[in-house]
$ cat start-v3.cif   # mmCIF, C-alpha atoms
data_target
loop_
_atom_site.group_PDB
_atom_site.id
_atom_site.type_symbol
_atom_site.label_atom_id
_atom_site.label_comp_id
_atom_site.auth_asym_id
_atom_site.auth_seq_id
_atom_site.Cartn_x
_atom_site.Cartn_y
_atom_site.Cartn_z
ATOM 1 C CA MET U 1 0.000 0.000 0.000
ATOM 2 C CA LYS U 2 1.592 3.194 -1.212
ATOM 3 C CA VAL U 3 1.117 6.886 -0.636
ATOM 4 C CA ASP U 4 -0.794 8.439 -3.561
ATOM 5 C CA PHE U 5 1.426 11.215 -4.900
ATOM 6 C CA ASP U 6 -0.520 11.554 -8.155
ATOM 7 C CA LYS U 7 -3.537 13.502 -6.945
ATOM 8 C CA LEU U 8 -1.677 16.757 -6.463
ATOM 9 C CA GLY U 9 1.001 16.724 -9.123
ATOM 10 C CA GLY U 10 3.513 14.617 -7.247
ATOM 11 C CA LEU U 11 2.923 16.139 -3.817
ATOM 12 C CA VAL U 12 1.012 15.282 -0.662
ATOM 13 C CA PRO U 13 0.224 17.649 2.201
ATOM 14 C CA ALA U 14 2.076 16.684 5.377
ATOM 15 C CA VAL U 15 0.582 17.923 8.629
ATOM 16 C CA VAL U 16 3.211 18.293 11.332
ATOM 17 C CA GLN U 17 1.967 17.803 14.876
ATOM 18 C CA ASP U 18 3.910 18.026 18.135
ATOM 19 C CA HIS U 19 3.842 14.483 19.490
ATOM 20 C CA SER U 20 3.738 15.532 23.126
ATOM 21 C CA THR U 21 1.395 18.539 23.119
ATOM 22 C CA GLY U 22 -0.737 17.682 20.067
ATOM 23 C CA ARG U 23 -0.287 21.180 18.673
ATOM 24 C CA VAL U 24 -0.358 21.447 14.877
ATOM 25 C CA LEU U 25 2.916 23.181 14.050
ATOM 26 C CA MET U 26 2.905 23.523 10.266
ATOM 27 C CA VAL U 27 1.744 21.992 7.006
ATOM 28 C CA GLY U 28 4.299 21.277 4.310
ATOM 29 C CA PHE U 29 4.290 19.279 1.111
ATOM 30 C CA MET U 30 6.289 16.150 0.412
ATOM 31 C CA ASN U 31 7.092 14.568 -2.917
ATOM 32 C CA GLU U 32 8.142 10.937 -3.090
ATOM 33 C CA GLU U 33 11.812 11.750 -2.544
ATOM 34 C CA ALA U 34 11.111 14.023 0.438
ATOM 35 C CA PHE U 35 9.028 11.231 1.974
ATOM 36 C CA ARG U 36 11.811 8.715 1.376
ATOM 37 C CA LEU U 37 14.403 11.036 2.914
ATOM 38 C CA THR U 38 12.125 11.651 5.887
ATOM 39 C CA LEU U 39 11.968 7.910 6.501
ATOM 40 C CA GLU U 40 15.671 7.350 5.911
ATOM 41 C CA THR U 41 16.994 10.220 8.014
ATOM 42 C CA GLY U 42 14.299 10.466 10.679
ATOM 43 C CA PHE U 43 14.101 14.250 10.089
ATOM 44 C CA ALA U 44 11.051 15.758 8.377
ATOM 45 C CA THR U 45 11.965 16.777 4.836
ATOM 46 C CA PHE U 46 9.630 18.622 2.498
ATOM 47 C CA TYR U 47 9.440 19.831 -1.064
ATOM 48 C CA SER U 48 9.443 23.607 -1.197
ATOM 49 C CA ARG U 49 6.901 24.790 -3.765
ATOM 50 C CA SER U 50 8.298 28.323 -3.756
ATOM 51 C CA ARG U 51 11.943 27.257 -4.178
ATOM 52 C CA ASN U 52 11.206 24.109 -6.232
ATOM 53 C CA LYS U 53 13.598 21.952 -4.292
ATOM 54 C CA LEU U 54 13.902 19.558 -1.393
ATOM 55 C CA TRP U 55 13.909 21.246 1.968
ATOM 56 C CA LEU U 56 15.243 19.671 5.127
ATOM 57 C CA LYS U 57 13.285 21.568 7.749
ATOM 58 C CA GLY U 58 15.822 23.184 10.078
ATOM 59 C CA GLU U 59 18.734 23.111 7.629
ATOM 60 C CA THR U 60 19.349 26.828 8.268
ATOM 61 C CA SER U 61 17.899 27.341 11.728
ATOM 62 C CA GLY U 62 18.849 24.010 13.284
ATOM 63 C CA HIS U 63 15.198 23.655 14.286
ATOM 64 C CA ARG U 64 14.828 20.164 12.893
ATOM 65 C CA LEU U 65 11.790 17.958 13.335
ATOM 66 C CA VAL U 66 12.534 14.502 14.715
ATOM 67 C CA VAL U 67 9.924 12.084 13.386
ATOM 68 C CA LYS U 68 8.141 10.016 16.022
ATOM 69 C CA GLU U 69 5.240 8.538 14.036
ATOM 70 C CA ILE U 70 3.724 8.840 10.564
ATOM 71 C CA SER U 71 0.097 8.174 9.671
ATOM 72 C CA THR U 72 -1.766 8.400 6.389
ATOM 73 C CA ASP U 73 -5.430 8.978 5.735
ATOM 74 C CA CYS U 74 -8.125 6.819 4.150
ATOM 75 C CA ASP U 75 -7.266 8.041 0.653
ATOM 76 C CA ARG U 76 -3.509 7.770 1.237
ATOM 77 C CA ASP U 77 -3.040 11.249 -0.185
ATOM 78 C CA THR U 78 -2.147 13.086 3.025
ATOM 79 C CA LEU U 79 0.398 12.448 5.771
ATOM 80 C CA LEU U 80 0.283 13.208 9.474
ATOM 81 C CA VAL U 81 3.785 13.437 10.914
ATOM 82 C CA ARG U 82 4.120 13.498 14.682
ATOM 83 C CA VAL U 83 7.424 15.035 15.713
ATOM 84 C CA GLU U 84 9.644 16.290 18.449
ATOM 85 C CA ALA U 85 10.563 19.803 17.390
ATOM 86 C CA LEU U 86 14.146 20.793 18.112
ATOM 87 C CA GLY U 87 14.464 24.484 18.952
ATOM 88 C CA PRO U 88 11.932 26.952 20.286
ATOM 89 C CA GLY U 89 9.727 27.371 17.247
ATOM 90 C CA VAL U 90 8.856 25.890 13.883
ATOM 91 C CA CYS U 91 7.722 29.049 12.101
ATOM 92 C CA HIS U 92 10.301 31.150 10.255
ATOM 93 C CA GLU U 93 8.545 34.239 11.619
ATOM 94 C CA GLY U 94 9.602 33.356 15.164
ATOM 95 C CA TYR U 95 6.512 31.589 16.470
ATOM 96 C CA GLN U 96 6.174 28.124 17.999
ATOM 97 C CA SER U 97 3.620 27.178 15.330
ATOM 98 C CA CYS U 98 2.990 28.601 11.872
ATOM 99 C CA PHE U 99 -0.676 28.809 12.895
ATOM 100 C CA PHE U 100 -0.207 31.912 15.042
ATOM 101 C CA ARG U 101 -3.102 33.863 13.523
ATOM 102 C CA THR U 102 -6.665 33.150 14.598
ATOM 103 C CA LEU U 103 -9.895 34.495 13.168
ATOM 104 C CA LYS U 104 -11.654 36.861 15.607
ATOM 105 C CA ASP U 105 -14.774 38.709 14.454
ATOM 106 C CA GLY U 106 -13.763 38.393 10.805
ATOM 107 C CA GLU U 107 -10.139 39.521 11.281
ATOM 108 C CA TRP U 108 -6.935 37.477 11.480
ATOM 109 C CA VAL U 109 -5.379 38.307 14.829
ATOM 110 C CA VAL U 110 -1.921 37.265 16.048
ATOM 111 C CA SER U 111 -2.873 35.169 19.036
ATOM 112 C CA GLU U 112 0.490 34.410 20.630
ATOM 113 C CA SER U 113 3.957 35.848 21.234
ATOM 114 C CA ARG U 114 7.172 35.148 19.358
ATOM 115 C CA VAL U 115 9.423 32.564 21.013
ATOM 116 C CA TYR U 116 12.600 33.550 19.156
ATOM 117 C CA ASP U 117 13.960 36.393 17.055
ATOM 118 C CA PRO U 118 13.932 35.306 13.397
ATOM 119 C CA GLU U 119 16.599 37.870 12.442
ATOM 120 C CA GLN U 120 19.046 36.306 14.874
ATOM 121 C CA VAL U 121 18.373 32.833 13.463
ATOM 122 C CA TYR U 122 17.994 33.524 9.759
ATOM 123 C CA GLY U 123 19.941 36.791 9.436
ATOM 124 C CA SER U 124 18.716 40.173 8.311
ATOM 125 C CA THR U 125 18.403 39.213 4.646
ATOM 126 C CA LYS U 126 15.490 36.855 5.377
ATOM 127 C CA MET Z 1 -5.488 40.153 5.294
ATOM 128 C CA LYS Z 2 -6.918 37.425 3.120
ATOM 129 C CA VAL Z 3 -6.439 33.714 2.714
ATOM 130 C CA ASP Z 4 -4.268 32.983 -0.340
ATOM 131 C CA PHE Z 5 -6.312 30.699 -2.579
ATOM 132 C CA ASP Z 6 -4.072 31.224 -5.603
ATOM 133 C CA LYS Z 7 -1.163 28.985 -4.689
ATOM 134 C CA LEU Z 8 -3.007 25.741 -5.274
ATOM 135 C CA GLY Z 9 -5.448 26.530 -8.069
ATOM 136 C CA GLY Z 10 -8.141 28.079 -5.910
ATOM 137 C CA LEU Z 11 -7.832 25.684 -2.993
ATOM 138 C CA VAL Z 12 -6.223 25.640 0.429
ATOM 139 C CA PRO Z 13 -5.662 22.572 2.603
ATOM 140 C CA ALA Z 14 -7.800 22.669 5.751
ATOM 141 C CA VAL Z 15 -6.585 20.578 8.669
ATOM 142 C CA VAL Z 16 -9.445 19.524 10.931
ATOM 143 C CA GLN Z 17 -8.520 19.032 14.570
ATOM 144 C CA ASP Z 18 -10.743 17.956 17.461
ATOM 145 C CA HIS Z 19 -10.839 21.007 19.718
ATOM 146 C CA SER Z 20 -11.058 19.000 22.936
ATOM 147 C CA THR Z 21 -8.673 16.078 22.315
ATOM 148 C CA GLY Z 22 -6.298 17.713 19.819
ATOM 149 C CA ARG Z 23 -6.569 14.727 17.496
ATOM 150 C CA VAL Z 24 -6.163 15.492 13.798
ATOM 151 C CA LEU Z 25 -9.331 14.087 12.236
ATOM 152 C CA MET Z 26 -8.978 14.776 8.519
ATOM 153 C CA VAL Z 27 -7.560 17.125 5.917
ATOM 154 C CA GLY Z 28 -9.872 18.564 3.298
ATOM 155 C CA PHE Z 29 -9.597 21.355 0.766
ATOM 156 C CA MET Z 30 -11.572 24.586 0.763
ATOM 157 C CA ASN Z 31 -12.088 27.014 -2.067
ATOM 158 C CA GLU Z 32 -13.168 30.573 -1.360
ATOM 159 C CA GLU Z 33 -16.863 29.679 -1.376
ATOM 160 C CA ALA Z 34 -16.396 26.683 0.930
ATOM 161 C CA PHE Z 35 -14.500 28.915 3.339
ATOM 162 C CA ARG Z 36 -17.258 31.551 3.201
ATOM 163 C CA LEU Z 37 -19.937 28.927 3.813
ATOM 164 C CA THR Z 38 -17.919 27.504 6.710
ATOM 165 C CA LEU Z 39 -17.857 30.946 8.329
ATOM 166 C CA GLU Z 40 -21.518 31.682 7.590
ATOM 167 C CA THR Z 41 -22.983 28.364 8.711
ATOM 168 C CA GLY Z 42 -20.522 27.364 11.423
ATOM 169 C CA PHE Z 43 -20.236 23.896 9.863
ATOM 170 C CA ALA Z 44 -17.027 22.870 8.077
ATOM 171 C CA THR Z 45 -17.610 22.855 4.328
ATOM 172 C CA PHE Z 46 -15.049 21.673 1.798
ATOM 173 C CA TYR Z 47 -14.532 21.469 -1.920
ATOM 174 C CA SER Z 48 -14.468 17.869 -3.068
ATOM 175 C CA ARG Z 49 -11.701 17.402 -5.624
ATOM 176 C CA SER Z 50 -13.060 14.011 -6.699
ATOM 177 C CA ARG Z 51 -16.645 15.194 -7.145
ATOM 178 C CA ASN Z 52 -15.778 18.765 -8.198
ATOM 179 C CA LYS Z 53 -18.362 20.359 -5.960
ATOM 180 C CA LEU Z 54 -18.947 21.888 -2.561
ATOM 181 C CA TRP Z 55 -19.228 19.360 0.197
ATOM 182 C CA LEU Z 56 -20.868 20.030 3.539
ATOM 183 C CA LYS Z 57 -19.122 17.473 5.711
ATOM 184 C CA GLY Z 58 -21.841 15.314 7.284
ATOM 185 C CA GLU Z 59 -24.517 16.086 4.691
ATOM 186 C CA THR Z 60 -25.144 12.339 4.244
ATOM 187 C CA SER Z 61 -23.993 10.902 7.555
ATOM 188 C CA GLY Z 62 -25.118 13.693 9.856
ATOM 189 C CA HIS Z 63 -21.583 13.719 11.239
ATOM 190 C CA ARG Z 64 -21.128 17.453 10.881
ATOM 191 C CA LEU Z 65 -18.169 19.412 12.165
ATOM 192 C CA VAL Z 66 -19.061 22.381 14.368
ATOM 193 C CA VAL Z 67 -16.389 25.037 13.979
ATOM 194 C CA LYS Z 68 -14.865 26.293 17.224
ATOM 195 C CA GLU Z 69 -11.821 28.206 15.975
ATOM 196 C CA ILE Z 70 -9.999 28.846 12.700
ATOM 197 C CA SER Z 71 -6.311 29.685 12.359
ATOM 198 C CA THR Z 72 -4.178 30.336 9.314
ATOM 199 C CA ASP Z 73 -0.454 29.918 8.848
ATOM 200 C CA CYS Z 74 2.337 32.382 8.156
ATOM 201 C CA ASP Z 75 1.805 32.164 4.384
ATOM 202 C CA ARG Z 76 -1.996 32.301 4.706
ATOM 203 C CA ASP Z 77 -2.293 29.354 2.341
ATOM 204 C CA THR Z 78 -3.434 26.720 4.849
ATOM 205 C CA LEU Z 79 -6.219 26.626 7.426
ATOM 206 C CA LEU Z 80 -6.425 24.900 10.787
ATOM 207 C CA VAL Z 81 -10.038 24.320 11.790
ATOM 208 C CA ARG Z 82 -10.698 23.248 15.364
ATOM 209 C CA VAL Z 83 -14.056 21.538 15.637
ATOM 210 C CA GLU Z 84 -16.508 19.630 17.730
ATOM 211 C CA ALA Z 85 -17.284 16.536 15.669
ATOM 212 C CA LEU Z 86 -20.918 15.424 15.776
ATOM 213 C CA GLY Z 87 -21.270 11.654 15.551
ATOM 214 C CA PRO Z 88 -18.838 8.892 16.399
ATOM 215 C CA GLY Z 89 -16.344 9.265 13.573
ATOM 216 C CA VAL Z 90 -15.203 11.602 10.825
ATOM 217 C CA CYS Z 91 -13.885 9.020 8.367
ATOM 218 C CA HIS Z 92 -16.267 7.538 5.799
ATOM 219 C CA GLU Z 93 -14.603 4.171 6.422
ATOM 220 C CA GLY Z 94 -15.974 4.067 9.976
ATOM 221 C CA TYR Z 95 -13.029 5.381 11.977
ATOM 222 C CA GLN Z 96 -12.869 8.295 14.398
ATOM 223 C CA SER Z 97 -10.107 9.900 12.326
ATOM 224 C CA CYS Z 98 -9.154 9.461 8.683
ATOM 225 C CA PHE Z 99 -5.582 8.929 9.932
ATOM 226 C CA PHE Z 100 -6.196 5.379 11.114
ATOM 227 C CA ARG Z 101 -3.161 3.864 9.371
ATOM 228 C CA THR Z 102 0.287 4.218 10.921
ATOM 229 C CA LEU Z 103 3.641 3.269 9.478
ATOM 230 C CA LYS Z 104 5.202 0.312 11.319
ATOM 231 C CA ASP Z 105 8.431 -1.207 9.998
ATOM 232 C CA GLY Z 106 7.751 0.107 6.503
ATOM 233 C CA GLU Z 107 4.118 -1.058 6.312
ATOM 234 C CA TRP Z 108 0.886 0.902 6.777
ATOM 235 C CA VAL Z 109 -0.966 -0.786 9.635
ATOM 236 C CA VAL Z 110 -4.525 -0.074 10.779
ATOM 237 C CA SER Z 111 -3.858 1.117 14.301
ATOM 238 C CA GLU Z 112 -7.368 1.461 15.731
ATOM 239 C CA SER Z 113 -10.864 -0.041 15.625
ATOM 240 C CA ARG Z 114 -13.897 1.178 13.722
ATOM 241 C CA VAL Z 115 -16.318 3.245 15.806
ATOM 242 C CA TYR Z 116 -19.315 2.840 13.482
ATOM 243 C CA ASP Z 117 -20.441 0.690 10.586
ATOM 244 C CA PRO Z 118 -20.114 2.718 7.357
ATOM 245 C CA GLU Z 119 -22.652 0.543 5.524
ATOM 246 C CA GLN Z 120 -25.330 1.425 8.071
ATOM 247 C CA VAL Z 121 -24.572 5.127 7.713
ATOM 248 C CA TYR Z 122 -23.855 5.464 3.988
ATOM 249 C CA GLY Z 123 -25.703 2.418 2.632
ATOM 250 C CA SER Z 124 -24.286 -0.522 0.768
ATOM 251 C CA THR Z 125 -23.672 1.405 -2.459
ATOM 252 C CA LYS Z 126 -20.908 3.469 -0.834
#
$ encode --input "start-v3.cif" --output "structure tokens"
Amino acid sequence: MKVDFDKLGGLVPAVVQDHSTGRVLMVGFMNEEAFRLTLETGFATFYSRSRNKLWLKGETSGHRLVVKEISTDCDRDTLLVRVEALGPGVCHEGYQSCFFRTLKDGEWVVSESRVYDPEQVYGSTK
Amino acid sequence: MKVDFDKLGGLVPAVVQDHSTGRVLMVGFMNEEAFRLTLETGFATFYSRSRNKLWLKGETSGHRLVVKEISTDCDRDTLLVRVEALGPGVCHEGYQSCFFRTLKDGEWVVSESRVYDPEQVYGSTK
């Protein structure tokens, strides 16, 4: 039984969830090679749609995602990756989770504080 | 600040998470109209890629998803929808979550029991 990479042009969404808190940290996309590398290395690896290349999460920041468990859904076209996140935050904007904006009365509101300074981690050119 | 529906041909992935347990229940896709209907009705509504039409989750089964909170990510191209799930299970195959298969030693293994009989809910033609 294989993951179905055909439905979305070679990609599947991969939901990343903190294995201890249950918080959803980010959603990335994996192609078949990113999935294989994730399994082989034990670190979540994605395919960057904006940069059109493989992307080892944490390659710049050191904030890697250590894979604890991987599930797939009934259609085998989505992955759920439960991880231990190394470092304070997953989001490149300095937040613990990329989902730091919540809808309140029709507006997206930043609903938490930064846990690190992205300029210190990624440099001022980011 | 708007959700970016352009990156994926008019769709965004929507991760559905149980608001009380934190379990990830399913991932669907929303187009702009599905998102609007979700906000207006308070029930999660998706765009079915296989049927090419709007899809009120639970329209057949009654297992609707009552929206409790919606977040978006740093790129505003993914949604996280925290819900109260009506009914025993979200998956049309009879499981609480669509993510009922877990990778064990390189094989996808069903890692939980069915919580309802899909034939009784959807009929034998499903």
$ closest_residue --input "start-v3.cif" --among "U:Cys98, U:Met30, U:Ala14, U:Val24" --to "chain Z" --atoms "all atoms listed in the file"
U:Cys98
$ residues_around --input "start-v3.cif" --residues "Arg36 (chain Z)" --least-positions-apart "6" --cutoff "12 Å" --atoms "only C-alpha atoms" --output "list in words"
Gly106 of chain U; Lys2, Val3, Met30, Gly42, Phe43, Ala44, Thr45, Phe46, Tyr47 and Leu54 of chain Z
$ calpha_fit_and_write --input "start-v3.cif" --fixed "chain U" --moving "chain Z" --output "compact mmCIF listing (two decimals) with C-alpha atoms, in the coordinates of the input"
# COMPACT_ATOMS: atom_id res chain seq x y z
CA MET Z 1 0.02 0.01 0.01
CA LYS Z 2 1.61 3.20 -1.21
CA VAL Z 3 1.12 6.89 -0.64
CA ASP Z 4 -0.78 8.45 -3.56
CA PHE Z 5 1.43 11.22 -4.91
CA ASP Z 6 -0.53 11.56 -8.15
CA LYS Z 7 -3.54 13.51 -6.93
CA LEU Z 8 -1.69 16.77 -6.45
CA GLY Z 9 1.00 16.73 -9.13
CA GLY Z 10 3.51 14.62 -7.24
CA LEU Z 11 2.92 16.15 -3.82
CA VAL Z 12 1.01 15.28 -0.67
CA PRO Z 13 0.22 17.66 2.19
CA ALA Z 14 2.07 16.69 5.37
CA VAL Z 15 0.58 17.93 8.63
CA VAL Z 16 3.21 18.30 11.34
CA GLN Z 17 1.96 17.80 14.88
CA ASP Z 18 3.90 18.03 18.14
CA HIS Z 19 3.84 14.48 19.48
CA SER Z 20 3.74 15.54 23.13
CA THR Z 21 1.39 18.55 23.11
CA GLY Z 22 -0.74 17.68 20.07
CA ARG Z 23 -0.30 21.18 18.67
CA VAL Z 24 -0.36 21.45 14.88
CA LEU Z 25 2.91 23.18 14.05
CA MET Z 26 2.90 23.53 10.26
CA VAL Z 27 1.75 21.98 7.01
CA GLY Z 28 4.30 21.28 4.31
CA PHE Z 29 4.29 19.28 1.11
CA MET Z 30 6.29 16.14 0.41
CA ASN Z 31 7.09 14.56 -2.91
CA GLU Z 32 8.14 10.93 -3.10
CA GLU Z 33 11.82 11.75 -2.55
CA ALA Z 34 11.11 14.02 0.43
CA PHE Z 35 9.03 11.24 1.97
CA ARG Z 36 11.83 8.71 1.37
CA LEU Z 37 14.41 11.04 2.90
CA THR Z 38 12.12 11.65 5.89
CA LEU Z 39 11.96 7.90 6.50
CA GLU Z 40 15.68 7.35 5.92
CA THR Z 41 17.00 10.22 8.02
CA GLY Z 42 14.30 10.48 10.67
CA PHE Z 43 14.11 14.25 10.09
CA ALA Z 44 11.06 15.75 8.37
CA THR Z 45 11.97 16.77 4.83
CA PHE Z 46 9.63 18.63 2.50
CA TYR Z 47 9.44 19.83 -1.06
CA SER Z 48 9.44 23.61 -1.19
CA ARG Z 49 6.90 24.78 -3.76
CA SER Z 50 8.31 28.32 -3.76
CA ARG Z 51 11.93 27.26 -4.19
CA ASN Z 52 11.21 24.12 -6.24
CA LYS Z 53 13.60 21.95 -4.29
CA LEU Z 54 13.90 19.55 -1.39
CA TRP Z 55 13.90 21.23 1.96
CA LEU Z 56 15.25 19.67 5.13
CA LYS Z 57 13.29 21.56 7.74
CA GLY Z 58 15.83 23.18 10.08
CA GLU Z 59 18.73 23.11 7.62
CA THR Z 60 19.35 26.83 8.26
CA SER Z 61 17.89 27.33 11.72
CA GLY Z 62 18.84 24.01 13.27
CA HIS Z 63 15.20 23.66 14.28
CA ARG Z 64 14.83 20.16 12.88
CA LEU Z 65 11.79 17.97 13.32
CA VAL Z 66 12.52 14.50 14.71
CA VAL Z 67 9.92 12.08 13.39
CA LYS Z 68 8.13 10.02 16.02
CA GLU Z 69 5.24 8.55 14.04
CA ILE Z 70 3.72 8.84 10.56
CA SER Z 71 0.09 8.17 9.68
CA THR Z 72 -1.76 8.39 6.40
CA ASP Z 73 -5.43 8.96 5.73
CA CYS Z 74 -8.12 6.81 4.16
CA ASP Z 75 -7.26 8.03 0.65
CA ARG Z 76 -3.50 7.77 1.26
CA ASP Z 77 -3.03 11.24 -0.19
CA THR Z 78 -2.15 13.08 3.03
CA LEU Z 79 0.40 12.45 5.77
CA LEU Z 80 0.28 13.20 9.48
CA VAL Z 81 3.78 13.44 10.92
CA ARG Z 82 4.11 13.50 14.69
CA VAL Z 83 7.41 15.03 15.71
CA GLU Z 84 9.64 16.27 18.45
CA ALA Z 85 10.56 19.80 17.38
CA LEU Z 86 14.16 20.80 18.11
CA GLY Z 87 14.48 24.48 18.94
CA PRO Z 88 11.95 26.94 20.28
CA GLY Z 89 9.72 27.38 17.25
CA VAL Z 90 8.86 25.88 13.88
CA CYS Z 91 7.73 29.05 12.11
CA HIS Z 92 10.31 31.14 10.26
CA GLU Z 93 8.56 34.23 11.62
CA GLY Z 94 9.61 33.36 15.17
CA TYR Z 95 6.51 31.59 16.48
CA GLN Z 96 6.17 28.13 18.00
CA SER Z 97 3.63 27.18 15.33
CA CYS Z 98 3.00 28.60 11.87
CA PHE Z 99 -0.68 28.82 12.90
CA PHE Z 100 -0.22 31.91 15.04
CA ARG Z 101 -3.10 33.87 13.51
CA THR Z 102 -6.67 33.16 14.60
CA LEU Z 103 -9.89 34.50 13.17
CA LYS Z 104 -11.65 36.87 15.60
CA ASP Z 105 -14.77 38.73 14.45
CA GLY Z 106 -13.76 38.40 10.81
CA GLU Z 107 -10.14 39.53 11.26
CA TRP Z 108 -6.94 37.47 11.46
CA VAL Z 109 -5.37 38.30 14.82
CA VAL Z 110 -1.92 37.27 16.05
CA SER Z 111 -2.88 35.18 19.04
CA GLU Z 112 0.49 34.42 20.63
CA SER Z 113 3.97 35.85 21.25
CA ARG Z 114 7.17 35.15 19.36
CA VAL Z 115 9.42 32.57 21.02
CA TYR Z 116 12.61 33.55 19.16
CA ASP Z 117 13.96 36.39 17.07
CA PRO Z 118 13.95 35.31 13.39
CA GLU Z 119 16.61 37.87 12.45
CA GLN Z 120 19.06 36.30 14.89
CA VAL Z 121 18.39 32.84 13.48
CA TYR Z 122 18.01 33.53 9.75
CA GLY Z 123 19.93 36.81 9.44
CA SER Z 124 18.65 40.16 8.32
CA THR Z 125 18.35 39.18 4.65
CA LYS Z 126 15.47 36.79 5.41
$ resolve_selection --input "start-v3.cif" --expression "the PyMOL selection byres ((chain Z) within 8 of (chain U))" --output "JSON, numbers by chain"
{"Z": [1, 13, 15, 22, 23, 26, 27, 69, 70, 71, 72, 73, 74, 78, 80, 91, 93, 98, 99, 100, 101, 102, 103, 107, 108]}
$ atom_distance --input "start-v3.cif" --atom1 "CA of Trp55 (chain U)" --atom2 "CA of Tyr116 (chain U)"
21.2 Å
$ atom_distance --input "start-v3.cif" --atom1 "CA of Phe5 (chain U)" --atom2 "CA of Asn52 (chain U)"
16.2 Å
$ atom_distance --input "start-v3.cif" --atom1 "CA of Tyr122 (chain Z)" --atom2 "CA of Val83 (chain Z)"
22.1 Å
$ closest_residue --input "start-v3.cif" --among "U:Val115, U:Gly89, U:Phe35, U:Arg82" --to "Gly58 (chain U)" --atoms "only C-alpha atoms"
U:Gly89
$ closest_residue --input "start-v3.cif" --among "Z:Leu65, Z:Gln96, Z:Arg114, Z:Arg51" --to "Glu84 (chain Z)" --atoms "all atoms listed in the file"
Z:Leu65
$ closest_residue --input "start-v3.cif" --among "Z:Leu11, Z:Leu86, Z:Ala34, Z:Val16" --to "Gly62 (chain Z)" --atoms "only C-alpha atoms"
Z:Leu86
$ decode --input "start-v3.cif" --residues "region 26-42 of chain Z" --atoms "N, CA and C atoms" --output "PDB file, in the first residue's frame"
ATOM      1  N   MET Z  26      -8.997  14.890   9.982  1.00  0.00           N
ATOM      2  CA  MET Z  26      -8.978  14.776   8.519  1.00  0.00           C
ATOM      3  C   MET Z  26      -8.293  16.019   7.947  1.00  0.00           C
ATOM      4  N   VAL Z  27      -7.987  15.949   6.666  1.00  0.00           N
ATOM      5  CA  VAL Z  27      -7.560  17.125   5.917  1.00  0.00           C
ATOM      6  C   VAL Z  27      -8.432  17.208   4.675  1.00  0.00           C
ATOM      7  N   GLY Z  28      -9.085  18.338   4.503  1.00  0.00           N
ATOM      8  CA  GLY Z  28      -9.872  18.564   3.298  1.00  0.00           C
ATOM      9  C   GLY Z  28      -9.319  19.783   2.571  1.00  0.00           C
ATOM     10  N   PHE Z  29      -9.976  20.134   1.473  1.00  0.00           N
ATOM     11  CA  PHE Z  29      -9.597  21.355   0.766  1.00  0.00           C
ATOM     12  C   PHE Z  29     -10.793  22.296   0.744  1.00  0.00           C
ATOM     13  N   MET Z  30     -10.518  23.570   0.888  1.00  0.00           N
ATOM     14  CA  MET Z  30     -11.572  24.586   0.763  1.00  0.00           C
ATOM     15  C   MET Z  30     -11.226  25.516  -0.382  1.00  0.00           C
ATOM     16  N   ASN Z  31     -12.248  25.868  -1.174  1.00  0.00           N
ATOM     17  CA  ASN Z  31     -12.088  27.014  -2.067  1.00  0.00           C
ATOM     18  C   ASN Z  31     -12.718  28.227  -1.367  1.00  0.00           C
ATOM     19  N   GLU Z  32     -12.720  29.349  -2.034  1.00  0.00           N
ATOM     20  CA  GLU Z  32     -13.168  30.573  -1.360  1.00  0.00           C
ATOM     21  C   GLU Z  32     -14.629  30.449  -0.913  1.00  0.00           C
ATOM     22  N   GLU Z  33     -15.452  29.796  -1.739  1.00  0.00           N
ATOM     23  CA  GLU Z  33     -16.863  29.679  -1.376  1.00  0.00           C
ATOM     24  C   GLU Z  33     -17.056  28.714  -0.201  1.00  0.00           C
ATOM     25  N   ALA Z  34     -16.303  27.625  -0.193  1.00  0.00           N
ATOM     26  CA  ALA Z  34     -16.396  26.683   0.930  1.00  0.00           C
ATOM     27  C   ALA Z  34     -15.988  27.364   2.230  1.00  0.00           C
ATOM     28  N   PHE Z  35     -14.955  28.187   2.148  1.00  0.00           N
ATOM     29  CA  PHE Z  35     -14.500  28.915   3.339  1.00  0.00           C
ATOM     30  C   PHE Z  35     -15.589  29.887   3.807  1.00  0.00           C
ATOM     31  N   ARG Z  36     -16.187  30.597   2.862  1.00  0.00           N
ATOM     32  CA  ARG Z  36     -17.258  31.551   3.201  1.00  0.00           C
ATOM     33  C   ARG Z  36     -18.435  30.825   3.844  1.00  0.00           C
ATOM     34  N   LEU Z  37     -18.815  29.684   3.257  1.00  0.00           N
ATOM     35  CA  LEU Z  37     -19.937  28.927   3.813  1.00  0.00           C
ATOM     36  C   LEU Z  37     -19.598  28.381   5.205  1.00  0.00           C
ATOM     37  N   THR Z  38     -18.349  27.978   5.384  1.00  0.00           N
ATOM     38  CA  THR Z  38     -17.919  27.504   6.710  1.00  0.00           C
ATOM     39  C   THR Z  38     -18.112  28.602   7.746  1.00  0.00           C
ATOM     40  N   LEU Z  39     -17.716  29.823   7.393  1.00  0.00           N
ATOM     41  CA  LEU Z  39     -17.857  30.946   8.329  1.00  0.00           C
ATOM     42  C   LEU Z  39     -19.331  31.280   8.561  1.00  0.00           C
ATOM     43  N   GLU Z  40     -20.107  31.271   7.473  1.00  0.00           N
ATOM     44  CA  GLU Z  40     -21.518  31.682   7.590  1.00  0.00           C
ATOM     45  C   GLU Z  40     -22.362  30.680   8.356  1.00  0.00           C
ATOM     46  N   THR Z  41     -22.112  29.383   8.109  1.00  0.00           N
ATOM     47  CA  THR Z  41     -22.983  28.364   8.711  1.00  0.00           C
ATOM     48  C   THR Z  41     -22.432  27.840  10.031  1.00  0.00           C
ATOM     49  N   GLY Z  42     -21.121  27.943  10.230  1.00  0.00           N
ATOM     50  CA  GLY Z  42     -20.522  27.364  11.423  1.00  0.00           C
ATOM     51  C   GLY Z  42     -20.252  25.873  11.299  1.00  0.00           C
TER      52      GLY Z  42
END
